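**Student:** input.pdb (PDB, C-alpha atoms) pasted underneath:
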ATOM      1  CA  MET A   1      98.226 161.038  61.106  1.00  0.00           C
ATOM      2  CA  LYS A   2     101.782 162.117  61.982  1.00  0.00           C
ATOM      3  CA  LYS A   3     102.175 159.077  64.229  1.00  0.00           C
ATOM      4  CA  LEU A   4     100.968 156.811  61.423  1.00  0.00           C
ATOM      5  CA  ILE A   5     103.407 158.345  58.938  1.00  0.00           C
ATOM      6  CA  THR A   6     106.274 158.038  61.424  1.00  0.00           C
ATOM      7  CA  LEU A   7     105.445 154.400  62.145  1.00  0.00           C
ATOM      8  CA  THR A   8     105.237 153.596  58.439  1.00  0.00           C
ATOM      9  CA  PHE A   9     108.617 155.257  57.857  1.00  0.00           C
ATOM     10  CA  ILE A  10     110.237 153.257  60.669  1.00  0.00           C
ATOM     11  CA  VAL A  11     108.846 149.986  59.297  1.00  0.00           C
ATOM     12  CA  MET A  12     110.164 150.842  55.828  1.00  0.00           C
ATOM     13  CA  LEU A  13     113.618 151.613  57.195  1.00  0.00           C
ATOM     14  CA  SER A  14     113.784 148.481  59.296  1.00  0.00           C
ATOM     15  CA  SER A  15     112.718 146.320  56.353  1.00  0.00           C
ATOM     16  CA  CYS A  16     115.622 147.737  54.392  1.00  0.00           C
ATOM     17  CA  GLY A  17     118.039 147.015  57.195  1.00  0.00           C
ATOM     18  CA  TRP A  18     118.777 150.718  57.760  1.00  0.00           C
ATOM     19  CA  LEU A  19     118.032 150.459  61.475  1.00  0.00           C
ATOM     20  CA  GLY A  20     120.244 147.427  61.972  1.00  0.00           C
ATOM     21  CA  PHE A  21     117.343 144.978  62.389  1.00  0.00           C
ATOM     22  CA  ASP A  22     117.786 141.509  60.878  1.00  0.00           C
ATOM     23  CA  ASP A  23     121.037 142.414  59.189  1.00  0.00           C
ATOM     24  CA  PRO A  24     122.328 139.561  57.008  1.00  0.00           C
ATOM     25  CA  ILE A  25     125.300 137.679  58.414  1.00  0.00           C
ATOM     26  CA  ASP A  26     128.597 138.851  56.940  1.00  0.00           C
ATOM     27  CA  VAL A  27     130.356 135.840  55.415  1.00  0.00           C
ATOM     28  CA  THR A  28     133.148 136.154  52.864  1.00  0.00           C
ATOM     29  CA  ASP A  29     132.885 133.638  50.039  1.00  0.00           C
ATOM     30  CA  ASN A  30     136.391 132.205  49.737  1.00  0.00           C
ATOM     31  CA  LYS A  31     135.931 128.817  48.127  1.00  0.00           C
ATOM     32  CA  LEU A  32     138.854 126.413  48.061  1.00  0.00           C
ATOM     33  CA  PRO A  33     140.359 125.799  44.594  1.00  0.00           C
ATOM     34  CA  TYR A  34     139.125 122.189  44.544  1.00  0.00           C
ATOM     35  CA  TRP A  35     135.598 122.740  45.881  1.00  0.00           C
ATOM     36  CA  LEU A  36     133.918 121.444  42.718  1.00  0.00           C
ATOM     37  CA  LYS A  37     135.688 118.113  43.191  1.00  0.00           C
ATOM     38  CA  LEU A  38     134.055 117.594  46.594  1.00  0.00           C
ATOM     39  CA  ASN A  39     130.975 115.365  46.507  1.00  0.00           C
ATOM     40  CA  ALA A  40     127.650 117.174  46.196  1.00  0.00           C
ATOM     41  CA  ARG A  41     124.805 116.493  48.646  1.00  0.00           C
ATOM     42  CA  SER A  42     121.280 117.534  49.542  1.00  0.00           C
ATOM     43  CA  THR A  43     121.181 120.085  52.355  1.00  0.00           C
ATOM     44  CA  SER A  44     117.808 118.686  53.476  1.00  0.00           C
ATOM     45  CA  GLU A  45     119.643 115.868  55.295  1.00  0.00           C
ATOM     46  CA  LEU A  46     122.002 118.069  57.321  1.00  0.00           C
ATOM     47  CA  ASN A  47     121.644 117.254  61.025  1.00  0.00           C
ATOM     48  CA  MET A  48     124.728 118.373  62.968  1.00  0.00           C
ATOM     49  CA  VAL A  49     127.225 121.217  63.306  1.00  0.00           C
ATOM     50  CA  VAL A  50     130.746 120.128  64.255  1.00  0.00           C
ATOM     51  CA  ILE A  51     132.920 122.643  66.111  1.00  0.00           C
ATOM     52  CA  HIS A  52     136.658 122.575  65.412  1.00  0.00           C
ATOM     53  CA  ALA A  53     139.759 124.521  66.344  1.00  0.00           C
ATOM     54  CA  THR A  54     142.303 124.979  63.582  1.00  0.00           C
ATOM     55  CA  GLU A  55     145.256 124.315  65.933  1.00  0.00           C
ATOM     56  CA  LEU A  56     147.232 126.684  63.699  1.00  0.00           C
ATOM     57  CA  THR A  57     148.532 130.199  64.206  1.00  0.00           C
ATOM     58  CA  ASP A  58     146.176 132.270  62.033  1.00  0.00           C
ATOM     59  CA  MET A  59     143.727 132.348  59.137  1.00  0.00           C
ATOM     60  CA  VAL A  60     146.534 132.524  56.581  1.00  0.00           C
ATOM     61  CA  GLU A  61     148.015 129.278  57.810  1.00  0.00           C
ATOM     62  CA  ALA A  62     144.555 127.701  57.964  1.00  0.00           C
ATOM     63  CA  ARG A  63     144.004 128.639  54.334  1.00  0.00           C
ATOM     64  CA  GLU A  64     147.353 127.197  53.300  1.00  0.00           C
ATOM     65  CA  TYR A  65     146.508 123.941  55.029  1.00  0.00           C
ATOM     66  CA  GLY A  66     143.008 123.817  53.529  1.00  0.00           C
ATOM     67  CA  GLU A  67     144.391 124.205  49.997  1.00  0.00           C
ATOM     68  CA  ARG A  68     146.743 121.237  50.338  1.00  0.00           C
ATOM     69  CA  VAL A  69     145.769 118.326  48.105  1.00  0.00           C
ATOM     70  CA  LEU A  70     145.864 115.188  50.249  1.00  0.00           C
ATOM     71  CA  TYR A  71     143.606 112.649  48.561  1.00  0.00           C
ATOM     72  CA  ASP A  72     143.390 110.782  45.249  1.00  0.00           C
ATOM     73  CA  ASN A  73     140.361 112.812  44.160  1.00  0.00           C
ATOM     74  CA  GLU A  74     142.550 115.937  44.313  1.00  0.00           C
ATOM     75  CA  THR A  75     140.886 117.398  47.403  1.00  0.00           C
ATOM     76  CA  GLY A  76     142.133 118.153  50.887  1.00  0.00           C
ATOM     77  CA  ALA A  77     140.959 118.504  54.500  1.00  0.00           C
ATOM     78  CA  SER A  78     139.020 121.579  55.542  1.00  0.00           C
ATOM     79  CA  GLY A  79     135.936 122.933  57.227  1.00  0.00           C
ATOM     80  CA  HIS A  80     132.970 124.699  55.638  1.00  0.00           C
ATOM     81  CA  TYR A  81     133.294 127.914  57.663  1.00  0.00           C
ATOM     82  CA  TYR A  82     136.300 129.576  59.351  1.00  0.00           C
ATOM     83  CA  ILE A  83     135.948 132.201  62.071  1.00  0.00           C
ATOM     84  CA  ASP A  84     138.934 134.388  62.907  1.00  0.00           C
ATOM     85  CA  ARG A  85     139.664 135.768  66.368  1.00  0.00           C
ATOM     86  CA  ASP A  86     138.048 139.099  65.479  1.00  0.00           C
ATOM     87  CA  GLY A  87     134.801 137.437  64.362  1.00  0.00           C
ATOM     88  CA  THR A  88     135.519 137.562  60.629  1.00  0.00           C
ATOM     89  CA  ILE A  89     133.856 134.627  58.854  1.00  0.00           C
ATOM     90  CA  GLU A  90     134.990 132.980  55.620  1.00  0.00           C
ATOM     91  CA  GLN A  91     133.343 130.092  53.797  1.00  0.00           C
ATOM     92  CA  TYR A  92     135.731 127.626  52.182  1.00  0.00           C
ATOM     93  CA  VAL A  93     133.220 124.954  51.125  1.00  0.00           C
ATOM     94  CA  PRO A  94     129.574 125.473  50.104  1.00  0.00           C
ATOM     95  CA  ASP A  95     126.942 123.898  52.338  1.00  0.00           C
ATOM     96  CA  ASN A  96     125.867 121.525  49.584  1.00  0.00           C
ATOM     97  CA  ARG A  97     129.330 119.969  49.273  1.00  0.00           C
ATOM     98  CA  ILE A  98     130.843 117.369  51.602  1.00  0.00           C
ATOM     99  CA  ALA A  99     133.964 118.744  53.270  1.00  0.00           C
ATOM    100  CA  ASN A 100     136.642 116.432  54.669  1.00  0.00           C
ATOM    101  CA  HIS A 101     136.686 117.558  58.288  1.00  0.00           C
ATOM    102  CA  THR A 102     135.769 114.693  60.649  1.00  0.00           C
ATOM    103  CA  SER A 103     136.560 111.141  59.640  1.00  0.00           C
ATOM    104  CA  GLY A 104     133.329 109.152  59.410  1.00  0.00           C
ATOM    105  CA  TRP A 105     131.010 112.120  60.007  1.00  0.00           C
ATOM    106  CA  ASN A 106     131.151 114.252  56.907  1.00  0.00           C
ATOM    107  CA  SER A 107     128.090 113.415  54.835  1.00  0.00           C
ATOM    108  CA  LYS A 108     125.390 115.138  56.913  1.00  0.00           C
ATOM    109  CA  THR A 109     127.344 117.691  58.903  1.00  0.00           C
ATOM    110  CA  LEU A 110     128.512 121.281  58.593  1.00  0.00           C
ATOM    111  CA  SER A 111     131.898 122.103  60.053  1.00  0.00           C
ATOM    112  CA  ILE A 112     132.986 125.362  61.648  1.00  0.00           C
ATOM    113  CA  GLU A 113     136.670 125.996  62.314  1.00  0.00           C
ATOM    114  CA  LEU A 114     137.713 128.509  64.964  1.00  0.00           C
ATOM    115  CA  VAL A 115     141.167 130.004  64.480  1.00  0.00           C
ATOM    116  CA  ASN A 116     142.997 128.890  67.624  1.00  0.00           C
ATOM    117  CA  ARG A 117     146.515 127.676  68.362  1.00  0.00           C
ATOM    118  CA  GLY A 118     145.401 124.587  70.246  1.00  0.00           C
ATOM    119  CA  ARG A 119     148.441 122.370  70.785  1.00  0.00           C
ATOM    120  CA  TYR A 120     150.417 124.043  67.987  1.00  0.00           C
ATOM    121  CA  PRO A 121     153.133 123.192  67.051  1.00  0.00           C
ATOM    122  CA  ASN A 122     153.529 120.118  69.276  1.00  0.00           C
ATOM    123  CA  TRP A 123     150.198 118.456  68.539  1.00  0.00           C
ATOM    124  CA  TYR A 124     151.297 114.948  69.384  1.00  0.00           C
ATOM    125  CA  HIS A 125     154.104 115.450  71.899  1.00  0.00           C
ATOM    126  CA  SER A 126     153.089 113.762  75.144  1.00  0.00           C
ATOM    127  CA  ASP A 127     154.293 116.718  77.240  1.00  0.00           C
ATOM    128  CA  HIS A 128     152.205 119.281  75.325  1.00  0.00           C
ATOM    129  CA  GLN A 129     148.676 117.907  75.448  1.00  0.00           C
ATOM    130  CA  VAL A 130     147.042 121.152  76.596  1.00  0.00           C
ATOM    131  CA  MET A 131     145.010 123.545  74.464  1.00  0.00           C
ATOM    132  CA  GLN A 132     146.876 126.830  74.869  1.00  0.00           C
ATOM    133  CA  GLU A 133     144.429 129.537  73.867  1.00  0.00           C
ATOM    134  CA  SER A 134     140.996 130.753  74.945  1.00  0.00           C
ATOM    135  CA  TYR A 135     138.351 131.876  72.458  1.00  0.00           C
ATOM    136  CA  PRO A 136     137.830 135.661  72.156  1.00  0.00           C
ATOM    137  CA  GLU A 137     134.403 137.176  72.714  1.00  0.00           C
ATOM    138  CA  ALA A 138     134.111 138.373  69.111  1.00  0.00           C
ATOM    139  CA  GLN A 139     134.812 134.890  67.824  1.00  0.00           C
ATOM    140  CA  ILE A 140     132.179 133.224  70.010  1.00  0.00           C
ATOM    141  CA  GLU A 141     129.604 135.888  69.180  1.00  0.00           C
ATOM    142  CA  ALA A 142     130.197 135.339  65.469  1.00  0.00           C
ATOM    143  CA  LEU A 143     129.930 131.577  65.946  1.00  0.00           C
ATOM    144  CA  ILE A 144     126.569 131.903  67.689  1.00  0.00           C
ATOM    145  CA  ILE A 145     125.208 134.198  64.976  1.00  0.00           C
ATOM    146  CA  LEU A 146     126.431 131.847  62.237  1.00  0.00           C
ATOM    147  CA  VAL A 147     125.011 128.702  63.833  1.00  0.00           C
ATOM    148  CA  ASN A 148     121.627 130.335  64.414  1.00  0.00           C
ATOM    149  CA  GLU A 149     121.593 131.431  60.791  1.00  0.00           C
ATOM    150  CA  LEU A 150     122.379 127.876  59.675  1.00  0.00           C
ATOM    151  CA  LYS A 151     119.616 126.547  61.914  1.00  0.00           C
ATOM    152  CA  ASN A 152     117.143 128.954  60.333  1.00  0.00           C
ATOM    153  CA  ARG A 153     118.315 127.906  56.901  1.00  0.00           C
ATOM    154  CA  TYR A 154     118.251 124.151  57.590  1.00  0.00           C
ATOM    155  CA  SER A 155     115.556 123.071  60.042  1.00  0.00           C
ATOM    156  CA  SER A 156     116.928 119.512  60.048  1.00  0.00           C
ATOM    157  CA  ILE A 157     119.975 120.587  62.111  1.00  0.00           C
ATOM    158  CA  ASN A 158     119.310 119.584  65.726  1.00  0.00           C
ATOM    159  CA  TYR A 159     122.698 118.473  67.022  1.00  0.00           C
ATOM    160  CA  THR A 160     126.197 119.741  67.658  1.00  0.00           C
ATOM    161  CA  GLN A 161     129.427 118.135  68.802  1.00  0.00           C
ATOM    162  CA  GLY A 162     133.087 118.973  69.094  1.00  0.00           C
ATOM    163  CA  HIS A 163     135.659 117.345  66.855  1.00  0.00           C
ATOM    164  CA  GLU A 164     137.051 115.601  69.923  1.00  0.00           C
ATOM    165  CA  ASP A 165     133.651 113.996  70.636  1.00  0.00           C
ATOM    166  CA  LEU A 166     133.488 112.322  67.231  1.00  0.00           C
ATOM    167  CA  ASP A 167     137.112 111.378  66.573  1.00  0.00           C
ATOM    168  CA  ILE A 168     138.181 109.631  69.772  1.00  0.00           C
ATOM    169  CA  ARG A 169     141.135 107.738  68.330  1.00  0.00           C
ATOM    170  CA  LYS A 170     144.495 107.735  70.057  1.00  0.00           C
ATOM    171  CA  ILE A 171     147.872 107.588  68.350  1.00  0.00           C
ATOM    172  CA  PRO A 172     151.481 107.083  69.508  1.00  0.00           C
ATOM    173  CA  SER A 173     153.074 110.335  70.654  1.00  0.00           C
ATOM    174  CA  ASP A 174     155.862 111.887  68.620  1.00  0.00           C
ATOM    175  CA  ASN A 175     158.387 111.633  71.428  1.00  0.00           C
ATOM    176  CA  ASP A 176     157.541 108.177  72.798  1.00  0.00           C
ATOM    177  CA  GLN A 177     155.754 105.536  70.750  1.00  0.00           C
ATOM    178  CA  THR A 178     154.663 103.732  73.909  1.00  0.00           C
ATOM    179  CA  ILE A 179     152.592 106.735  75.040  1.00  0.00           C
ATOM    180  CA  LEU A 180     149.246 107.285  73.347  1.00  0.00           C
ATOM    181  CA  VAL A 181     147.777 110.774  72.893  1.00  0.00           C
ATOM    182  CA  ASP A 182     144.448 112.016  71.572  1.00  0.00           C
ATOM    183  CA  ARG A 183     144.382 112.469  67.829  1.00  0.00           C
ATOM    184  CA  LYS A 184     141.922 115.323  68.240  1.00  0.00           C
ATOM    185  CA  MET A 185     141.321 117.568  71.255  1.00  0.00           C
ATOM    186  CA  ASP A 186     139.419 120.427  69.650  1.00  0.00           C
ATOM    187  CA  PRO A 187     137.695 122.646  70.434  1.00  0.00           C
ATOM    188  CA  GLY A 188     138.991 121.704  73.887  1.00  0.00           C
ATOM    189  CA  GLU A 189     138.545 122.804  77.469  1.00  0.00           C
ATOM    190  CA  HIS A 190     138.515 126.538  76.745  1.00  0.00           C
ATOM    191  CA  PHE A 191     135.437 126.368  74.521  1.00  0.00           C
ATOM    192  CA  PRO A 192     132.338 127.754  76.343  1.00  0.00           C
ATOM    193  CA  TRP A 193     129.965 124.897  75.679  1.00  0.00           C
ATOM    194  CA  GLN A 194     127.346 125.914  78.237  1.00  0.00           C
ATOM    195  CA  ARG A 195     126.995 129.417  76.833  1.00  0.00           C
ATOM    196  CA  PHE A 196     127.062 128.220  73.233  1.00  0.00           C
ATOM    197  CA  LEU A 197     124.396 125.556  73.735  1.00  0.00           C
ATOM    198  CA  ALA A 198     122.097 127.983  75.528  1.00  0.00           C
ATOM    199  CA  ALA A 199     122.438 130.476  72.679  1.00  0.00           C
ATOM    200  CA  VAL A 200     121.836 128.078  69.780  1.00  0.00           C
ATOM    201  CA  ASN A 201     119.433 125.564  71.352  1.00  0.00           C
ATOM    202  CA  LEU A 202     121.073 122.479  69.881  1.00  0.00           C
ATOM    203  CA  LYS A 203     121.571 119.099  71.531  1.00  0.00           C
ATOM    204  CA  LYS A 204     125.174 118.223  72.338  1.00  0.00           C
ATOM    205  CA  GLU A 205     124.630 114.671  71.227  1.00  0.00           C
ATOM    206  CA  THR A 206     125.543 112.438  68.332  1.00  0.00           C
ATOM    207  CA  PRO A 207     122.569 111.951  65.993  1.00  0.00           C
ATOM    208  CA  PRO A 208     120.793 108.616  66.585  1.00  0.00           C
ATOM    209  CA  GLU A 209     120.976 107.574  62.944  1.00  0.00           C
ATOM    210  CA  ASP A 210     124.162 106.125  61.559  1.00  0.00           C
ATOM    211  CA  ILE A 211     125.706 108.792  59.323  1.00  0.00           C
ATOM    212  CA  LYS A 212     129.084 107.192  58.840  1.00  0.00           C
ATOM    213  CA  GLU A 213     130.388 106.893  55.282  1.00  0.00           C
TER     214      GLU A 213
END
Just dump the structure as structure tokens.

**Tutor:**
Amino acid sequence: MKKLITLTFIVMLSSCGWLGFDDPIDVTDNKLPYWLKLNARSTSELNMVVIHATELTDMVEAREYGERVLYDNETGASGHYYIDRDGTIEQYVPDNRIANHTSGWNSKTLSIELVNRGRYPNWYHSDHQVMQESYPEAQIEALIILVNELKNRYSSINYTQGHEDLDIRKIPSDNDQTILVDRKMDPGEHFPWQRFLAAVNLKKETPPEDIKE
């Protein structure tokens, strides 16, 4: 009888989260001021997670950039989720809104931005085309937890790619117009793709259907 009572008590505690089992992911809701002006969508069609690096110094600067109004519909460019170096997660755009994060691949994707200097501040200088910063353990752990949560929430998500895999355009460098550089290089060579893919069980492929706007 004592064993039965003890077992029942443990089950009750675990179901409440008191033992640390199945704790909900900690995401701070920090919607951008213009989020209601972003186009709505059905989350049932989501099929890919796109991994980005902010290529900025910190979360504060990422927020400032995300709030900039760049388009005629009074919205700007941003990701859905931002993960700081310490693993802190903020959500700028709800899942059921289309964020402007990867040209041509926004309608059915969720975007996750990792705070990382990248090529900052010489993004397009031909002599500075190296991603400068590795990704801390806490940041990658938070990313894996978040992506697995999104997979559980949306069973239609089967793919993942880096920003650099989807936007392969080249542009003239800032210092020499005759030299072309990559428009996007994130998340870059320091991102642990092998570990990430093993942990989230997604295909690093572009979805077969045409999802371009």

**Student:** So that I can see what lies close to region 25-37 of chain A, please list as a PDB file with C-alpha atoms, keeping the file's coordinate frame the residues with an atom at most 12 Å from it, counting all atoms listed in the file and leaving out residues fewer than 4 positions away in the same chain.

**Tutor:**
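What landed in part33.pdb:
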ATOM      1  CA  GLY A  17     118.039 147.015  57.195  1.00  0.00           C
ATOM      2  CA  GLY A  20     120.244 147.427  61.972  1.00  0.00           C
ATOM      3  CA  PHE A  21     117.343 144.978  62.389  1.00  0.00           C
ATOM      4  CA  ARG A  41     124.805 116.493  48.646  1.00  0.00           C
ATOM      5  CA  MET A  59     143.727 132.348  59.137  1.00  0.00           C
ATOM      6  CA  ALA A  62     144.555 127.701  57.964  1.00  0.00           C
ATOM      7  CA  ARG A  63     144.004 128.639  54.334  1.00  0.00           C
ATOM      8  CA  GLU A  64     147.353 127.197  53.300  1.00  0.00           C
ATOM      9  CA  TYR A  65     146.508 123.941  55.029  1.00  0.00           C
ATOM     10  CA  GLY A  66     143.008 123.817  53.529  1.00  0.00           C
ATOM     11  CA  GLU A  67     144.391 124.205  49.997  1.00  0.00           C
ATOM     12  CA  ARG A  68     146.743 121.237  50.338  1.00  0.00           C
ATOM     13  CA  VAL A  69     145.769 118.326  48.105  1.00  0.00           C
ATOM     14  CA  LEU A  70     145.864 115.188  50.249  1.00  0.00           C
ATOM     15  CA  TYR A  71     143.606 112.649  48.561  1.00  0.00           C
ATOM     16  CA  ASP A  72     143.390 110.782  45.249  1.00  0.00           C
ATOM     17  CA  ASN A  73     140.361 112.812  44.160  1.00  0.00           C
ATOM     18  CA  GLU A  74     142.550 115.937  44.313  1.00  0.00           C
ATOM     19  CA  THR A  75     140.886 117.398  47.403  1.00  0.00           C
ATOM     20  CA  GLY A  76     142.133 118.153  50.887  1.00  0.00           C
ATOM     21  CA  ALA A  77     140.959 118.504  54.500  1.00  0.00           C
ATOM     22  CA  SER A  78     139.020 121.579  55.542  1.00  0.00           C
ATOM     23  CA  GLY A  79     135.936 122.933  57.227  1.00  0.00           C
ATOM     24  CA  HIS A  80     132.970 124.699  55.638  1.00  0.00           C
ATOM     25  CA  TYR A  81     133.294 127.914  57.663  1.00  0.00           C
ATOM     26  CA  TYR A  82     136.300 129.576  59.351  1.00  0.00           C
ATOM     27  CA  ILE A  83     135.948 132.201  62.071  1.00  0.00           C
ATOM     28  CA  ASP A  84     138.934 134.388  62.907  1.00  0.00           C
ATOM     29  CA  GLY A  87     134.801 137.437  64.362  1.00  0.00           C
ATOM     30  CA  THR A  88     135.519 137.562  60.629  1.00  0.00           C
ATOM     31  CA  ILE A  89     133.856 134.627  58.854  1.00  0.00           C
ATOM     32  CA  GLU A  90     134.990 132.980  55.620  1.00  0.00           C
ATOM     33  CA  GLN A  91     133.343 130.092  53.797  1.00  0.00           C
ATOM     34  CA  TYR A  92     135.731 127.626  52.182  1.00  0.00           C
ATOM     35  CA  VAL A  93     133.220 124.954  51.125  1.00  0.00           C
ATOM     36  CA  PRO A  94     129.574 125.473  50.104  1.00  0.00           C
ATOM     37  CA  ASP A  95     126.942 123.898  52.338  1.00  0.00           C
ATOM     38  CA  ASN A  96     125.867 121.525  49.584  1.00  0.00           C
ATOM     39  CA  ARG A  97     129.330 119.969  49.273  1.00  0.00           C
ATOM     40  CA  ILE A  98     130.843 117.369  51.602  1.00  0.00           C
ATOM     41  CA  ALA A  99     133.964 118.744  53.270  1.00  0.00           C
ATOM     42  CA  ASN A 100     136.642 116.432  54.669  1.00  0.00           C
ATOM     43  CA  GLU A 141     129.604 135.888  69.180  1.00  0.00           C
ATOM     44  CA  ALA A 142     130.197 135.339  65.469  1.00  0.00           C
ATOM     45  CA  LEU A 143     129.930 131.577  65.946  1.00  0.00           C
ATOM     46  CA  ILE A 144     126.569 131.903  67.689  1.00  0.00           C
ATOM     47  CA  ILE A 145     125.208 134.198  64.976  1.00  0.00           C
ATOM     48  CA  LEU A 146     126.431 131.847  62.237  1.00  0.00           C
ATOM     49  CA  VAL A 147     125.011 128.702  63.833  1.00  0.00           C
ATOM     50  CA  ASN A 148     121.627 130.335  64.414  1.00  0.00           C
ATOM     51  CA  GLU A 149     121.593 131.431  60.791  1.00  0.00           C
ATOM     52  CA  LEU A 150     122.379 127.876  59.675  1.00  0.00           C
TER      53      LEU A 150
END

**Student:** Could you state which residues are captured by the PyMOL selection byres ((chain A and resi 131) around 7) in this file, as a ChimeraX atom specification?

**Tutor:** /A:118-119,129-130,132-133,188

**Student:** Could you give me, as a list in words, the residues within 10 Å of Lys151 (chain A), counting only C-alpha atoms and dropping anything in the same chain fewer than 4 positions from it?

**Tutor:**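 Near neighbours after the sequence-gap exclusion: Leu46, Asn47, Met48, Val49, Ile145, Leu146, Val147, Ser155, Ser156, Ile157, Asn158, Val200, Asn201 and Leu202 of chain A.
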
**Student:** Could you state the separation of CA of Pro136 (chain A) and CA of His163 (chain A) in Å, given to one decimal place?

**Tutor:**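 For CA of Pro136 (chain A) relative to CA of His163 (chain A), the distance reads 19.2 Å.
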
**Student:** One decimal, Å: what's the distance from CA of Gln194 (chain A) over to CA of Asn122 (chain A), could you say?

**Tutor:**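 Between these atoms lies a distance of 28.3 Å.
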
**Student:** Can you spell out as a VMD selection string the set of residues that the PyMOL selection byres ((chain A and resi 179-185) around 8) selects in the structure I just provided?

**Tutor:** chain A and resid 124 to 126 129 131 163 to 164 167 to 173 176 to 178 186 to 188

**Student:** Quick one, how far is CA of Phe191 (chain A) from CA of Glu137 (chain A)?

**Tutor:**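 Distance reported for this atom pair: 11.0 Å.
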
**Student:** Could you check the closest approach to His52 (chain A) for each of A:Gln161, A:Lys203, A:Gln139, A:Trp105 and tell me which residue wins, using only C-alpha atoms?

**Tutor:**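 Answer, going by the shortest atom-to-atom distance: A:Gln161.
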
**Student:** Using only C-alpha atoms, which of A:Pro121, A:Asp174, A:Trp193, A:Ser107 sits nearest Ala40 (chain A)?

**Tutor:**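 Selected residue with least distance to Ala40 (chain A): A:Ser107.
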
**Student:** Find the residues with any atom within 9 Å of (146.7, 133.9, 62.5); use all atoms listed in the file and the coordinates as given in the file, and write the answer as a list in words.

**Tutor:**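 The residues near that point, listed by chain and number, are Leu56, Thr57, Asp58, Met59, Val60, Glu61, Ala62, Asp84, Arg85, Val115, Asn116 and Arg117 of chain A.
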
**Student:** From the list A:Ser134, A:Gly162, A:Asp127, A:Ile140, which residue is nearest Arg195 (chain A) when using all atoms listed in the file?

**Tutor:** A:Ile140

**Student:** Where atoms are missing, can you supply N, CA and C atoms for region 98-115 of chain A and output the lot as a PDB file, in the coordinates of the input?

**Tutor:**
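Result file follows (rebuild07.pdb):
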ATOM      1  N   ILE A  98     130.338 118.106  50.440  1.00  0.00           N
ATOM      2  CA  ILE A  98     130.843 117.369  51.602  1.00  0.00           C
ATOM      3  C   ILE A  98     132.306 117.718  51.826  1.00  0.00           C
ATOM      4  N   ALA A  99     132.582 118.396  52.914  1.00  0.00           N
ATOM      5  CA  ALA A  99     133.964 118.744  53.270  1.00  0.00           C
ATOM      6  C   ALA A  99     134.590 117.600  54.063  1.00  0.00           C
ATOM      7  N   ASN A 100     135.902 117.462  53.929  1.00  0.00           N
ATOM      8  CA  ASN A 100     136.642 116.432  54.669  1.00  0.00           C
ATOM      9  C   ASN A 100     137.128 117.036  55.982  1.00  0.00           C
ATOM     10  N   HIS A 101     136.322 116.903  57.029  1.00  0.00           N
ATOM     11  CA  HIS A 101     136.686 117.558  58.288  1.00  0.00           C
ATOM     12  C   HIS A 101     136.692 116.628  59.495  1.00  0.00           C
ATOM     13  N   THR A 102     135.832 115.622  59.519  1.00  0.00           N
ATOM     14  CA  THR A 102     135.769 114.693  60.649  1.00  0.00           C
ATOM     15  C   THR A 102     135.587 113.291  60.112  1.00  0.00           C
ATOM     16  N   SER A 103     136.592 112.476  60.220  1.00  0.00           N
ATOM     17  CA  SER A 103     136.560 111.141  59.640  1.00  0.00           C
ATOM     18  C   SER A 103     135.321 110.372  60.091  1.00  0.00           C
ATOM     19  N   GLY A 104     134.520 109.923  59.124  1.00  0.00           N
ATOM     20  CA  GLY A 104     133.329 109.152  59.410  1.00  0.00           C
ATOM     21  C   GLY A 104     132.064 109.949  59.612  1.00  0.00           C
ATOM     22  N   TRP A 105     132.173 111.285  59.679  1.00  0.00           N
ATOM     23  CA  TRP A 105     131.010 112.120  60.007  1.00  0.00           C
ATOM     24  C   TRP A 105     130.871 113.319  59.076  1.00  0.00           C
ATOM     25  N   ASN A 106     131.142 113.125  57.833  1.00  0.00           N
ATOM     26  CA  ASN A 106     131.151 114.252  56.907  1.00  0.00           C
ATOM     27  C   ASN A 106     129.856 114.436  56.118  1.00  0.00           C
ATOM     28  N   SER A 107     129.147 113.358  55.840  1.00  0.00           N
ATOM     29  CA  SER A 107     128.090 113.415  54.835  1.00  0.00           C
ATOM     30  C   SER A 107     126.906 114.281  55.217  1.00  0.00           C
ATOM     31  N   LYS A 108     126.572 114.388  56.506  1.00  0.00           N
ATOM     32  CA  LYS A 108     125.390 115.138  56.913  1.00  0.00           C
ATOM     33  C   LYS A 108     125.707 116.259  57.902  1.00  0.00           C
ATOM     34  N   THR A 109     126.942 116.686  57.924  1.00  0.00           N
ATOM     35  CA  THR A 109     127.344 117.691  58.903  1.00  0.00           C
ATOM     36  C   THR A 109     127.915 118.936  58.229  1.00  0.00           C
ATOM     37  N   LEU A 110     127.818 120.048  58.951  1.00  0.00           N
ATOM     38  CA  LEU A 110     128.512 121.281  58.593  1.00  0.00           C
ATOM     39  C   LEU A 110     129.610 121.504  59.618  1.00  0.00           C
ATOM     40  N   SER A 111     130.761 121.921  59.151  1.00  0.00           N
ATOM     41  CA  SER A 111     131.898 122.103  60.053  1.00  0.00           C
ATOM     42  C   SER A 111     132.260 123.581  60.160  1.00  0.00           C
ATOM     43  N   ILE A 112     132.559 123.990  61.391  1.00  0.00           N
ATOM     44  CA  ILE A 112     132.986 125.362  61.648  1.00  0.00           C
ATOM     45  C   ILE A 112     134.326 125.320  62.364  1.00  0.00           C
ATOM     46  N   GLU A 113     135.312 125.955  61.773  1.00  0.00           N
ATOM     47  CA  GLU A 113     136.670 125.996  62.314  1.00  0.00           C
ATOM     48  C   GLU A 113     136.914 127.346  62.982  1.00  0.00           C
ATOM     49  N   LEU A 114     137.348 127.303  64.231  1.00  0.00           N
ATOM     50  CA  LEU A 114     137.713 128.509  64.964  1.00  0.00           C
ATOM     51  C   LEU A 114     139.231 128.647  64.958  1.00  0.00           C
ATOM     52  N   VAL A 115     139.715 129.794  64.494  1.00  0.00           N
ATOM     53  CA  VAL A 115     141.167 130.004  64.480  1.00  0.00           C
ATOM     54  C   VAL A 115     141.659 130.024  65.925  1.00  0.00           C
TER      55      VAL A 115
END
